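Visitor: final14.cif is reproduced below (mmCIF, C-alpha atoms).
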data_input
#
loop_
_atom_site.group_PDB
_atom_site.id
_atom_site.type_symbol
_atom_site.label_atom_id
_atom_site.label_comp_id
_atom_site.auth_asym_id
_atom_site.auth_seq_id
_atom_site.Cartn_x
_atom_site.Cartn_y
_atom_site.Cartn_z
ATOM 1 C CA MET A 183 0.000 0.000 0.000
ATOM 2 C CA ARG A 184 2.159 2.860 1.149
ATOM 3 C CA ARG A 185 5.353 2.588 -0.895
ATOM 4 C CA ALA A 186 7.458 5.102 1.040
ATOM 5 C CA ALA A 187 7.260 3.042 4.227
ATOM 6 C CA ILE A 188 7.391 -0.428 2.707
ATOM 7 C CA LEU A 189 11.089 -1.247 2.953
ATOM 8 C CA ALA A 190 11.422 -0.175 6.579
ATOM 9 C CA ILE A 191 8.290 -2.020 7.646
ATOM 10 C CA MET A 192 9.192 -5.122 5.657
ATOM 11 C CA ALA A 193 12.570 -5.240 7.398
ATOM 12 C CA TRP A 194 10.921 -4.894 10.790
ATOM 13 C CA THR A 195 8.315 -7.507 9.920
ATOM 14 C CA CYS A 196 10.920 -10.038 8.820
ATOM 15 C CA ALA A 197 12.975 -9.497 11.955
ATOM 16 C CA ALA A 198 9.972 -9.714 14.232
ATOM 17 C CA GLY A 199 8.390 -12.624 12.372
ATOM 18 C CA ALA A 200 11.187 -15.013 13.278
ATOM 19 C CA GLN A 201 10.522 -14.380 16.967
ATOM 20 C CA ASN A 202 6.709 -14.248 16.961
ATOM 21 C CA PRO A 203 4.905 -17.373 18.203
ATOM 22 C CA PRO A 204 2.548 -19.127 15.770
ATOM 23 C CA HIS A 205 -1.064 -18.036 15.539
ATOM 24 C CA SER A 206 -3.203 -19.117 18.467
ATOM 25 C CA ALA A 207 -6.373 -19.424 16.385
ATOM 26 C CA PRO A 208 -6.582 -22.338 13.931
ATOM 27 C CA GLN A 209 -5.997 -22.050 10.211
ATOM 28 C CA ARG A 210 -9.144 -22.416 8.114
ATOM 29 C CA GLU A 211 -9.251 -24.373 4.884
ATOM 30 C CA PHE A 212 -10.714 -22.925 1.703
ATOM 31 C CA ARG A 213 -11.738 -24.102 -1.748
ATOM 32 C CA ILE A 214 -11.472 -22.172 -4.997
ATOM 33 C CA ILE A 215 -14.876 -22.158 -6.710
ATOM 34 C CA ARG A 216 -14.114 -19.987 -9.752
ATOM 35 C CA GLU A 217 -11.526 -17.598 -11.136
ATOM 36 C CA TYR A 218 -12.354 -14.321 -12.897
ATOM 37 C CA PRO A 219 -10.372 -11.618 -14.705
ATOM 38 C CA HIS A 220 -9.327 -8.580 -12.659
ATOM 39 C CA ARG A 221 -7.947 -5.313 -13.978
ATOM 40 C CA VAL A 222 -4.226 -4.985 -13.237
ATOM 41 C CA ASP A 223 -4.580 -1.198 -12.950
ATOM 42 C CA ALA A 224 -6.801 -1.739 -9.896
ATOM 43 C CA TYR A 225 -4.768 -1.116 -6.753
ATOM 44 C CA THR A 226 -7.516 -2.692 -4.668
ATOM 45 C CA GLU A 227 -8.256 -1.065 -1.325
ATOM 46 C CA GLY A 228 -11.951 -1.859 -0.867
ATOM 47 C CA LEU A 229 -14.267 -4.518 -2.316
ATOM 48 C CA VAL A 230 -18.019 -5.083 -1.870
ATOM 49 C CA PHE A 231 -20.454 -7.502 -3.557
ATOM 50 C CA SER A 232 -23.918 -6.002 -4.032
ATOM 51 C CA GLN A 233 -26.847 -7.012 -6.243
ATOM 52 C CA GLY A 234 -24.784 -9.320 -8.399
ATOM 53 C CA GLN A 235 -21.942 -6.884 -9.060
ATOM 54 C CA LEU A 236 -18.673 -5.903 -7.433
ATOM 55 C CA TYR A 237 -17.884 -2.405 -6.226
ATOM 56 C CA GLU A 238 -14.192 -1.630 -5.897
ATOM 57 C CA SER A 239 -12.237 1.235 -4.394
ATOM 58 C CA THR A 240 -8.767 1.598 -5.882
ATOM 59 C CA GLY A 241 -5.888 3.597 -4.434
ATOM 60 C CA ARG A 242 -2.790 5.645 -5.262
ATOM 61 C CA VAL A 243 -2.793 9.398 -5.726
ATOM 62 C CA GLY A 244 -3.769 10.237 -9.288
ATOM 63 C CA HIS A 245 -5.126 6.745 -9.930
ATOM 64 C CA SER A 246 -7.789 6.405 -7.250
ATOM 65 C CA SER A 247 -11.322 5.466 -8.239
ATOM 66 C CA LEU A 248 -14.653 3.966 -7.274
ATOM 67 C CA ARG A 249 -15.710 1.270 -9.760
ATOM 68 C CA ARG A 250 -18.713 -0.886 -10.505
ATOM 69 C CA VAL A 251 -17.461 -4.133 -12.005
ATOM 70 C CA GLU A 252 -19.044 -7.096 -13.780
ATOM 71 C CA VAL A 253 -17.965 -10.216 -11.911
ATOM 72 C CA ALA A 254 -17.703 -12.699 -14.783
ATOM 73 C CA THR A 255 -15.638 -10.543 -17.148
ATOM 74 C CA GLY A 256 -13.936 -8.019 -14.868
ATOM 75 C CA GLU A 257 -15.288 -5.263 -17.113
ATOM 76 C CA VAL A 258 -15.515 -1.869 -15.438
ATOM 77 C CA LEU A 259 -19.107 -0.727 -15.934
ATOM 78 C CA GLN A 260 -18.753 2.565 -14.091
ATOM 79 C CA ASP A 261 -15.589 4.396 -13.073
ATOM 80 C CA ILE A 262 -15.622 7.411 -10.746
ATOM 81 C CA ASN A 263 -12.290 9.242 -10.647
ATOM 82 C CA ILE A 264 -10.991 10.392 -7.257
ATOM 83 C CA PRO A 265 -8.681 13.338 -8.006
ATOM 84 C CA PRO A 266 -5.426 14.254 -6.234
ATOM 85 C CA PRO A 267 -4.491 14.689 -3.468
ATOM 86 C CA TYR A 268 -6.736 11.816 -2.392
ATOM 87 C CA PHE A 269 -5.594 8.195 -2.049
ATOM 88 C CA ALA A 270 -8.818 6.144 -1.962
ATOM 89 C CA GLU A 271 -9.174 3.367 0.580
ATOM 90 C CA GLY A 272 -11.936 1.233 2.153
ATOM 91 C CA LEU A 273 -15.521 0.987 0.908
ATOM 92 C CA THR A 274 -18.873 -0.123 2.311
ATOM 93 C CA HIS A 275 -22.606 0.248 1.645
ATOM 94 C CA VAL A 276 -24.942 1.404 4.415
ATOM 95 C CA GLY A 277 -28.599 2.388 4.146
ATOM 96 C CA GLY A 278 -28.582 3.357 0.474
ATOM 97 C CA ARG A 279 -25.240 5.169 0.731
ATOM 98 C CA TRP A 280 -21.767 4.172 -0.395
ATOM 99 C CA LEU A 281 -19.009 5.281 1.985
ATOM 100 C CA GLN A 282 -15.404 5.520 0.788
ATOM 101 C CA LEU A 283 -12.344 6.348 2.882
ATOM 102 C CA THR A 284 -9.131 8.095 1.915
ATOM 103 C CA TRP A 285 -5.763 7.251 3.411
ATOM 104 C CA GLN A 286 -4.223 10.381 4.980
ATOM 105 C CA SER A 287 -6.641 13.155 4.013
ATOM 106 C CA GLN A 288 -8.998 12.485 6.968
ATOM 107 C CA THR A 289 -11.866 12.725 4.496
ATOM 108 C CA GLY A 290 -14.436 10.187 3.405
ATOM 109 C CA PHE A 291 -16.839 10.480 0.489
ATOM 110 C CA ILE A 292 -20.555 9.635 0.367
ATOM 111 C CA TYR A 293 -22.322 8.436 -2.800
ATOM 112 C CA ASP A 294 -25.872 7.428 -3.646
ATOM 113 C CA ASP A 295 -26.676 4.078 -5.246
ATOM 114 C CA ALA A 296 -26.037 5.537 -8.699
ATOM 115 C CA LEU A 297 -22.517 6.477 -7.478
ATOM 116 C CA HIS A 298 -23.222 10.208 -7.581
ATOM 117 C CA ARG A 299 -21.235 11.930 -4.855
ATOM 118 C CA THR A 300 -23.628 13.484 -2.367
ATOM 119 C CA GLY A 301 -21.380 14.536 0.499
ATOM 120 C CA ALA A 302 -18.316 13.967 2.612
ATOM 121 C CA PHE A 303 -17.395 13.220 6.213
ATOM 122 C CA ARG A 304 -14.357 13.762 8.393
ATOM 123 C CA TYR A 305 -12.426 11.513 10.768
ATOM 124 C CA ASP A 306 -9.187 11.646 12.737
ATOM 125 C CA GLY A 307 -6.083 9.789 11.610
ATOM 126 C CA GLU A 308 -5.689 7.443 8.679
ATOM 127 C CA GLY A 309 -8.436 5.566 6.872
ATOM 128 C CA TRP A 310 -7.765 1.992 5.698
ATOM 129 C CA GLY A 311 -10.633 -0.548 5.669
ATOM 130 C CA LEU A 312 -14.398 -0.216 6.049
ATOM 131 C CA THR A 313 -17.381 -2.541 6.516
ATOM 132 C CA PHE A 314 -20.852 -2.555 8.100
ATOM 133 C CA ASP A 315 -21.828 -5.086 10.776
ATOM 134 C CA GLY A 316 -25.548 -4.287 10.764
ATOM 135 C CA ARG A 317 -25.203 -1.907 13.688
ATOM 136 C CA HIS A 318 -21.990 0.052 13.224
ATOM 137 C CA VAL A 319 -19.707 1.091 10.421
ATOM 138 C CA VAL A 320 -16.418 -0.640 11.253
ATOM 139 C CA MET A 321 -13.225 1.188 10.275
ATOM 140 C CA SER A 322 -9.548 0.162 10.390
ATOM 141 C CA ASN A 323 -6.447 2.350 10.400
ATOM 142 C CA GLY A 324 -3.635 -0.226 10.274
ATOM 143 C CA SER A 325 -3.448 -0.685 14.038
ATOM 144 C CA ALA A 326 -5.002 -3.405 16.213
ATOM 145 C CA LEU A 327 -7.994 -1.178 16.990
ATOM 146 C CA LEU A 328 -11.181 -1.087 14.951
ATOM 147 C CA ARG A 329 -13.312 2.029 15.250
ATOM 148 C CA LEU A 330 -17.087 1.632 15.452
ATOM 149 C CA LEU A 331 -18.977 4.521 13.853
ATOM 150 C CA ASP A 332 -22.616 5.532 14.034
ATOM 151 C CA PRO A 333 -24.060 4.603 10.607
ATOM 152 C CA VAL A 334 -26.081 7.838 10.386
ATOM 153 C CA ASP A 335 -23.737 10.644 11.415
ATOM 154 C CA LEU A 336 -20.502 8.577 11.094
ATOM 155 C CA HIS A 337 -19.158 9.751 14.444
ATOM 156 C CA PRO A 338 -17.129 7.252 16.522
ATOM 157 C CA VAL A 339 -19.079 5.537 19.287
ATOM 158 C CA ASP A 340 -16.768 2.701 20.396
ATOM 159 C CA ARG A 341 -13.590 0.767 19.629
ATOM 160 C CA LEU A 342 -12.762 -2.915 19.356
ATOM 161 C CA ALA A 343 -9.272 -4.280 20.009
ATOM 162 C CA VAL A 344 -8.303 -7.378 18.035
ATOM 163 C CA PHE A 345 -6.329 -10.164 19.729
ATOM 164 C CA ASP A 346 -5.078 -13.598 18.712
ATOM 165 C CA GLY A 347 -4.715 -15.257 22.076
ATOM 166 C CA ASN A 348 -2.876 -12.659 24.168
ATOM 167 C CA ARG A 349 -1.246 -10.904 21.209
ATOM 168 C CA GLU A 350 -2.586 -7.820 19.475
ATOM 169 C CA VAL A 351 -3.128 -8.218 15.742
ATOM 170 C CA THR A 352 -1.836 -5.122 13.974
ATOM 171 C CA GLY A 353 -1.935 -4.190 10.299
ATOM 172 C CA LEU A 354 -5.712 -4.609 10.017
ATOM 173 C CA ASN A 355 -6.540 -3.425 6.518
ATOM 174 C CA GLU A 356 -9.466 -4.161 4.170
ATOM 175 C CA LEU A 357 -12.546 -5.451 6.004
ATOM 176 C CA GLU A 358 -15.631 -7.544 5.315
ATOM 177 C CA TYR A 359 -18.445 -8.622 7.627
ATOM 178 C CA ALA A 360 -20.399 -11.874 7.415
ATOM 179 C CA ASP A 361 -22.570 -13.650 9.990
ATOM 180 C CA GLY A 362 -21.043 -12.167 13.119
ATOM 181 C CA LEU A 363 -17.470 -12.317 11.854
ATOM 182 C CA ILE A 364 -15.154 -9.594 10.581
ATOM 183 C CA TYR A 365 -12.665 -10.688 7.925
ATOM 184 C CA ALA A 366 -9.550 -8.503 7.817
ATOM 185 C CA ASN A 367 -6.686 -8.477 5.356
ATOM 186 C CA ILE A 368 -3.365 -8.102 7.181
ATOM 187 C CA TRP A 369 -1.158 -5.493 5.531
ATOM 188 C CA LEU A 370 1.917 -6.772 3.695
ATOM 189 C CA SER A 371 0.773 -10.376 3.965
ATOM 190 C CA ASP A 372 -1.432 -12.929 2.241
ATOM 191 C CA ASP A 373 -3.303 -13.631 5.485
ATOM 192 C CA ILE A 374 -6.877 -12.882 6.509
ATOM 193 C CA ALA A 375 -7.792 -12.740 10.197
ATOM 194 C CA ILE A 376 -11.291 -14.003 11.029
ATOM 195 C CA ILE A 377 -12.478 -11.969 13.997
ATOM 196 C CA ASN A 378 -15.392 -12.385 16.397
ATOM 197 C CA GLY A 379 -17.241 -9.122 15.791
ATOM 198 C CA GLY A 380 -18.453 -8.945 19.387
ATOM 199 C CA SER A 381 -15.272 -9.623 21.330
ATOM 200 C CA GLY A 382 -12.410 -8.877 18.941
ATOM 201 C CA THR A 383 -11.017 -12.390 19.377
ATOM 202 C CA VAL A 384 -9.432 -13.931 16.287
ATOM 203 C CA VAL A 385 -11.219 -17.265 15.783
ATOM 204 C CA GLY A 386 -9.362 -18.371 12.654
ATOM 205 C CA TRP A 387 -6.839 -17.523 9.968
ATOM 206 C CA LEU A 388 -6.837 -17.865 6.204
ATOM 207 C CA HIS A 389 -3.472 -18.142 4.471
ATOM 208 C CA LEU A 390 -3.983 -17.443 0.763
ATOM 209 C CA ALA A 391 -0.428 -17.194 -0.571
ATOM 210 C CA ALA A 392 -1.140 -20.198 -2.835
ATOM 211 C CA LEU A 393 -3.395 -17.972 -4.965
ATOM 212 C CA ARG A 394 -0.314 -16.184 -6.297
ATOM 213 C CA GLY A 395 0.697 -19.380 -8.081
ATOM 214 C CA ARG A 396 -2.462 -19.336 -10.177
ATOM 215 C CA PHE A 397 -1.571 -16.339 -12.352
ATOM 216 C CA ASN A 398 1.359 -14.816 -14.178
ATOM 217 C CA PRO A 399 2.272 -11.482 -12.551
ATOM 218 C CA PRO A 400 2.093 -8.375 -14.745
ATOM 219 C CA GLU A 401 5.404 -7.061 -16.043
ATOM 220 C CA ASP A 402 5.648 -4.178 -13.552
ATOM 221 C CA TRP A 403 4.204 -6.133 -10.626
ATOM 222 C CA ASP A 404 5.799 -5.544 -7.203
ATOM 223 C CA ARG A 405 5.652 -8.783 -5.206
ATOM 224 C CA ARG A 406 6.441 -6.995 -1.922
ATOM 225 C CA GLU A 407 3.674 -4.434 -2.232
ATOM 226 C CA ASP A 408 1.023 -5.948 -4.483
ATOM 227 C CA VAL A 409 -0.273 -8.357 -1.868
ATOM 228 C CA LEU A 410 -3.659 -9.861 -1.142
ATOM 229 C CA ASN A 411 -6.224 -7.131 -0.472
ATOM 230 C CA GLY A 412 -9.950 -7.111 -1.077
ATOM 231 C CA ILE A 413 -12.670 -9.290 0.486
ATOM 232 C CA ALA A 414 -16.322 -9.305 -0.611
ATOM 233 C CA TYR A 415 -19.060 -11.636 0.670
ATOM 234 C CA ASP A 416 -22.027 -13.011 -1.277
ATOM 235 C CA PRO A 417 -24.638 -14.015 1.328
ATOM 236 C CA ALA A 418 -26.665 -16.015 -1.208
ATOM 237 C CA SER A 419 -23.845 -18.454 -2.029
ATOM 238 C CA ARG A 420 -21.914 -17.882 1.223
ATOM 239 C CA HIS A 421 -18.824 -17.522 -0.937
ATOM 240 C CA PHE A 422 -16.184 -14.802 -0.815
ATOM 241 C CA PHE A 423 -14.493 -12.889 -3.598
ATOM 242 C CA VAL A 424 -10.819 -12.148 -2.921
ATOM 243 C CA THR A 425 -8.112 -10.463 -4.945
ATOM 244 C CA GLY A 426 -4.973 -8.392 -4.495
ATOM 245 C CA LYS A 427 -3.460 -5.092 -5.500
ATOM 246 C CA CYS A 428 -2.917 -5.128 -9.280
ATOM 247 C CA TRP A 429 -3.654 -8.867 -9.440
ATOM 248 C CA PRO A 430 -4.875 -10.112 -12.851
ATOM 249 C CA LYS A 431 -7.359 -12.488 -11.213
ATOM 250 C CA MET A 432 -10.260 -12.422 -8.781
ATOM 251 C CA PHE A 433 -11.047 -15.637 -6.894
ATOM 252 C CA GLU A 434 -14.381 -16.876 -5.624
ATOM 253 C CA ILE A 435 -13.703 -19.111 -2.631
ATOM 254 C CA ALA A 436 -15.639 -21.121 -0.070
ATOM 255 C CA ILE A 437 -14.273 -21.084 3.467
ATOM 256 C CA ASP A 438 -14.742 -24.219 5.551
ATOM 257 C CA GLY A 439 -16.668 -23.622 8.731
ATOM 258 C CA VAL A 440 -18.237 -20.304 7.708
ATOM 259 C CA GLY A 441 -21.285 -19.728 9.865
ATOM 260 C CA ARG A 442 -22.830 -17.684 12.596
ATOM 261 C CA ILE A 443 -21.035 -17.521 15.955
ATOM 262 C CA PRO A 444 -22.901 -19.596 18.551
ATOM 263 C CA PRO A 445 -24.635 -17.517 21.263
ATOM 264 C CA THR A 446 -22.535 -19.275 23.903
ATOM 265 C CA ASP A 447 -19.294 -17.758 22.543
ATOM 266 C CA THR A 448 -18.395 -15.110 25.130
ATOM 267 C CA THR A 449 -14.622 -15.154 24.655
ATOM 268 C CA SER A 450 -13.146 -11.759 25.480
ATOM 269 C CA PRO A 451 -9.406 -11.032 25.241
ATOM 270 C CA PRO A 452 -7.639 -8.539 27.531
ATOM 271 C CA GLU A 453 -9.018 -5.023 27.043
ATOM 272 C CA ALA A 454 -10.862 -6.186 23.918
ATOM 273 C CA ARG A 455 -13.396 -3.412 24.131
ATOM 274 C CA LEU A 456 -12.080 0.029 24.941
#
For the structure just supplied, provide its representation as structure tokens.
Guide:
Amino acid sequence: MRRAAILAIMAWTCAAGAQNPPHSAPQREFRIIREYPHRVDAYTEGLVFSQGQLYESTGRVGHSSLRRVEVATGEVLQDINIPPPYFAEGLTHVGGRWLQLTWQSQTGFIYDDALHRTGAFRYDGEGWGLTFDGRHVVMSNGSALLRLLDPVDLHPVDRLAVFDGNREVTGLNELEYADGLIYANIWLSDDIAIINGGSGTVVGWLHLAALRGRFNPPEDWDRREDVLNGIAYDPASRHFFVTGKCWPKMFEIAIDGVGRIPPTDTTSPPEARL
């Protein structure tokens, strides 16, 4: 995502990774259902499936956009340019409105269902991922804390800390919500954390690095930066669409064990809700 900081963070990640214990939550299995074309000029930062089509927020200053995309062909049916200085980020749909974040401009944009911009909203700090859990708009900023926003006025009302066992999970990026669970891409990795939306506990992990072996990278592809990013859920099929930044393919996958969290699950990590 953020090229200027990549080398320093990658070095830190590699050094820290050798010392970090393995994930506490189990790894989930997945199956590839179908593969679709994906535009390699799409630096994917947000992805939503709605009414049979994909809506995609793409980043980078001067190349940011909001797109409506045909799933089967990858054709861009509608393309809304986001001009400089904005770097577009996460995307979600709430109550007939599309909400789109920007990275460091502390500004989000509001669109109607026809993708006409109707307003804007402000927030503190960086904007990364966005989803809606049926009650709150859930927003990430790359830390281990998820902000919970009022879906009407978009003001923060609570926060949720994400833990895997006793360890904070940082780098929370693109988000998707399905059946009580928040799915979060982890920045600079091919992992997705599956998070209990009530407690912040990580209940499973998806490791999707194998998807990279199913396409030929574009000529100017950057393996370090163009990682997995983008999760969209189809509630009818209970399948997920996943892709990466500038990836030439979109994958429809089924995740083993996807389902609603049982009411008896009251797991709460240290200081999970702040």
Visitor: Give me the residues within 7 Å of Glu271 (chain A) as an MDAnalysis selection string, counting only C-alpha atoms and dropping any in the same chain fewer than 3 places off.
Guide: chainID A and resid 227:228 239:241 282:285 309:311
Visitor: Selection from above, C-alpha atoms, as a PDB file, in the frame of the given file, can you write it?
Guide:
ATOM      1  CA  GLU A 227      -8.256  -1.065  -1.325  1.00  0.00           C
ATOM      2  CA  GLY A 228     -11.951  -1.859  -0.867  1.00  0.00           C
ATOM      3  CA  SER A 239     -12.237   1.235  -4.394  1.00  0.00           C
ATOM      4  CA  THR A 240      -8.767   1.598  -5.882  1.00  0.00           C
ATOM      5  CA  GLY A 241      -5.888   3.597  -4.434  1.00  0.00           C
ATOM      6  CA  GLN A 282     -15.404   5.520   0.788  1.00  0.00           C
ATOM      7  CA  LEU A 283     -12.344   6.348   2.882  1.00  0.00           C
ATOM      8  CA  THR A 284      -9.131   8.095   1.915  1.00  0.00           C
ATOM      9  CA  TRP A 285      -5.763   7.251   3.411  1.00  0.00           C
ATOM     10  CA  GLY A 309      -8.436   5.566   6.872  1.00  0.00           C
ATOM     11  CA  TRP A 310      -7.765   1.992   5.698  1.00  0.00           C
ATOM     12  CA  GLY A 311     -10.633  -0.548   5.669  1.00  0.00           C
TER      13      GLY A 311
END
Visitor: What is the CA of Leu357 (chain A) to CA of Trp369 (chain A) distance in Å?
Guide: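 Straight-line distance from CA of Leu357 (chain A) to CA of Trp369 (chain A) works out to 11.4 Å.
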Visitor: Measuring between all atoms listed in the file, which one of A:Asp373, A:Glu238, A:Asp295, A:Asp408 shows the shortest distance to His389 (chain A)?
Guide: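 Once distances to His389 (chain A) are computed over all atoms listed in the file, the minimum belongs to A:Asp373.
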Visitor: Which residues are close to Ala224 (chain A), i.e. within 10 Å by all atoms listed in the file, leaving aside same-chain residues fewer than 6 positions away? Reply as a ChimeraX atom specification.
Guide: /A:238-242,245-247,249,426-430
Visitor: My list of candidates is A:Glu356, A:Tyr305, A:Gly395, A:Gly277. Which is closest to His337 (chain A) when distances are computed with all atoms listed in the file?
Guide: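 Comparing A:Glu356, A:Tyr305, A:Gly395, A:Gly277 against His337 (chain A), the winner is A:Tyr305.
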Visitor: One number please: CA of Met432 (chain A) to CA of Asp372 (chain A), in Å, one decimal.
Guide: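 Interatomic distance here is 14.1 Å.
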Visitor: What separation in Å, quoted to one decimal, exists between CA of Arg250 (chain A) and CA of Tyr237 (chain A)?
Guide: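 The value is 4.6 Å.
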Visitor: Need the shell around region 210-216 of chain A: protein/DNA/RNA residues with any atom at most 9 Å away, counting all atoms listed in the file. Skip same-chain ones fewer than 3 positions apart. Format as a count of residues only?
Guide: 14
Visitor: Taking into account all atoms listed in the file, which residue in the set A:Gly272, A:Pro208, A:Leu393, A:Asp416 is nearest to Ala375 (chain A)?
Guide: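 For Ala375 (chain A), the nearest of the candidates is A:Pro208.
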Visitor: Measuring between all atoms listed in the file, which one of A:Leu410, A:Leu281, A:Leu370, A:Ala254 shows the shortest distance to Gly234 (chain A)?
Guide: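 Smallest distance to Gly234 (chain A) is found for A:Ala254.
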Visitor: Give the padded box for region 268-286 of chain A as AutoDock Vina command-line options: axis-aligned, covering all atoms listed in the file, 3 Å on each side, centre and edge lengths in Å to one decimal.
Guide:
--center_x -16.4 --center_y 5.8 --center_z 1.3 --size_x 30.4 --size_y 17.9 --size_z 13.4
Visitor: From the list A:Val385, A:Val409, A:Ile368, A:Ala414, which residue is nearest Thr274 (chain A) when using all atoms listed in the file?
Guide: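 Using all atoms listed in the file, the shortest distance to Thr274 (chain A) belongs to A:Ala414.
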Visitor: Name the residues that the PyMOL selection byres ((chain A and resi 255-266) around 8) pulls out of this structure, and write them as a list in words.
Guide: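 Applied to this file, the PyMOL selection byres ((chain A and resi 255-266) around 8) returns Tyr218, Pro219, His220, Arg221, Val243, Gly244, His245, Ser246, Ser247, Leu248, Arg249, Arg250, Val251, Glu252, Val253, Ala254, Pro267, Tyr268, Phe269, Ala270 and Leu297 of chain A.
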Visitor: Quick one: which residues end up in the PyMOL selection byres ((chain A and resi 359) around 8) for this structure, as a ChimeraX atom specification?
Guide: /A:313-315,357-358,360-365,415
Visitor: Of the residues A:Ala391, A:Ala343, A:Val424, A:Leu312, which is the one nearest to Asn378 (chain A), using all atoms listed in the file?
Guide: A:Ala343
Visitor: Applying 10 Å and all atoms listed in the file, which residues near Arg317 (chain A) remain after dropping the ones on its own chain fewer than 6 positions away? List them as a PDB file with C-alpha atoms, keeping the file's coordinate frame.
Guide:
ATOM      1  CA  VAL A 276     -24.942   1.404   4.415  1.00  0.00           C
ATOM      2  CA  LEU A 330     -17.087   1.632  15.452  1.00  0.00           C
ATOM      3  CA  LEU A 331     -18.977   4.521  13.853  1.00  0.00           C
ATOM      4  CA  ASP A 332     -22.616   5.532  14.034  1.00  0.00           C
ATOM      5  CA  PRO A 333     -24.060   4.603  10.607  1.00  0.00           C
TER       6      PRO A 333
END
Visitor: Could you tell me, as an mmCIF file with C-alpha atoms, keeping the file's coordinate frame, exactly which residues end up selected when the PyMOL selection byres ((chain A and resi 340) around 10) is applied to this structure?
Guide:
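What follows is the written file part-v5.cif:
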data_model
loop_
_atom_site.group_PDB
_atom_site.id
_atom_site.type_symbol
_atom_site.label_atom_id
_atom_site.label_comp_id
_atom_site.auth_asym_id
_atom_site.auth_seq_id
_atom_site.Cartn_x
_atom_site.Cartn_y
_atom_site.Cartn_z
ATOM 1 C CA HIS A 318 -21.990 0.052 13.224
ATOM 2 C CA VAL A 320 -16.418 -0.640 11.253
ATOM 3 C CA LEU A 328 -11.181 -1.087 14.951
ATOM 4 C CA ARG A 329 -13.312 2.029 15.250
ATOM 5 C CA LEU A 330 -17.087 1.632 15.452
ATOM 6 C CA LEU A 331 -18.977 4.521 13.853
ATOM 7 C CA ASP A 332 -22.616 5.532 14.034
ATOM 8 C CA HIS A 337 -19.158 9.751 14.444
ATOM 9 C CA PRO A 338 -17.129 7.252 16.522
ATOM 10 C CA VAL A 339 -19.079 5.537 19.287
ATOM 11 C CA ARG A 341 -13.590 0.767 19.629
ATOM 12 C CA LEU A 342 -12.762 -2.915 19.356
ATOM 13 C CA ARG A 455 -13.396 -3.412 24.131
ATOM 14 C CA LEU A 456 -12.080 0.029 24.941
#
Visitor: If I put a ball of radius 7 Å at (-7.3, -9.2, 19.5) in the file's coordinates, which residues poke into it when counting only C-alpha atoms, written as a ChimeraX atom specification?
Guide: /A:343-346,349-351,382-384,451,454
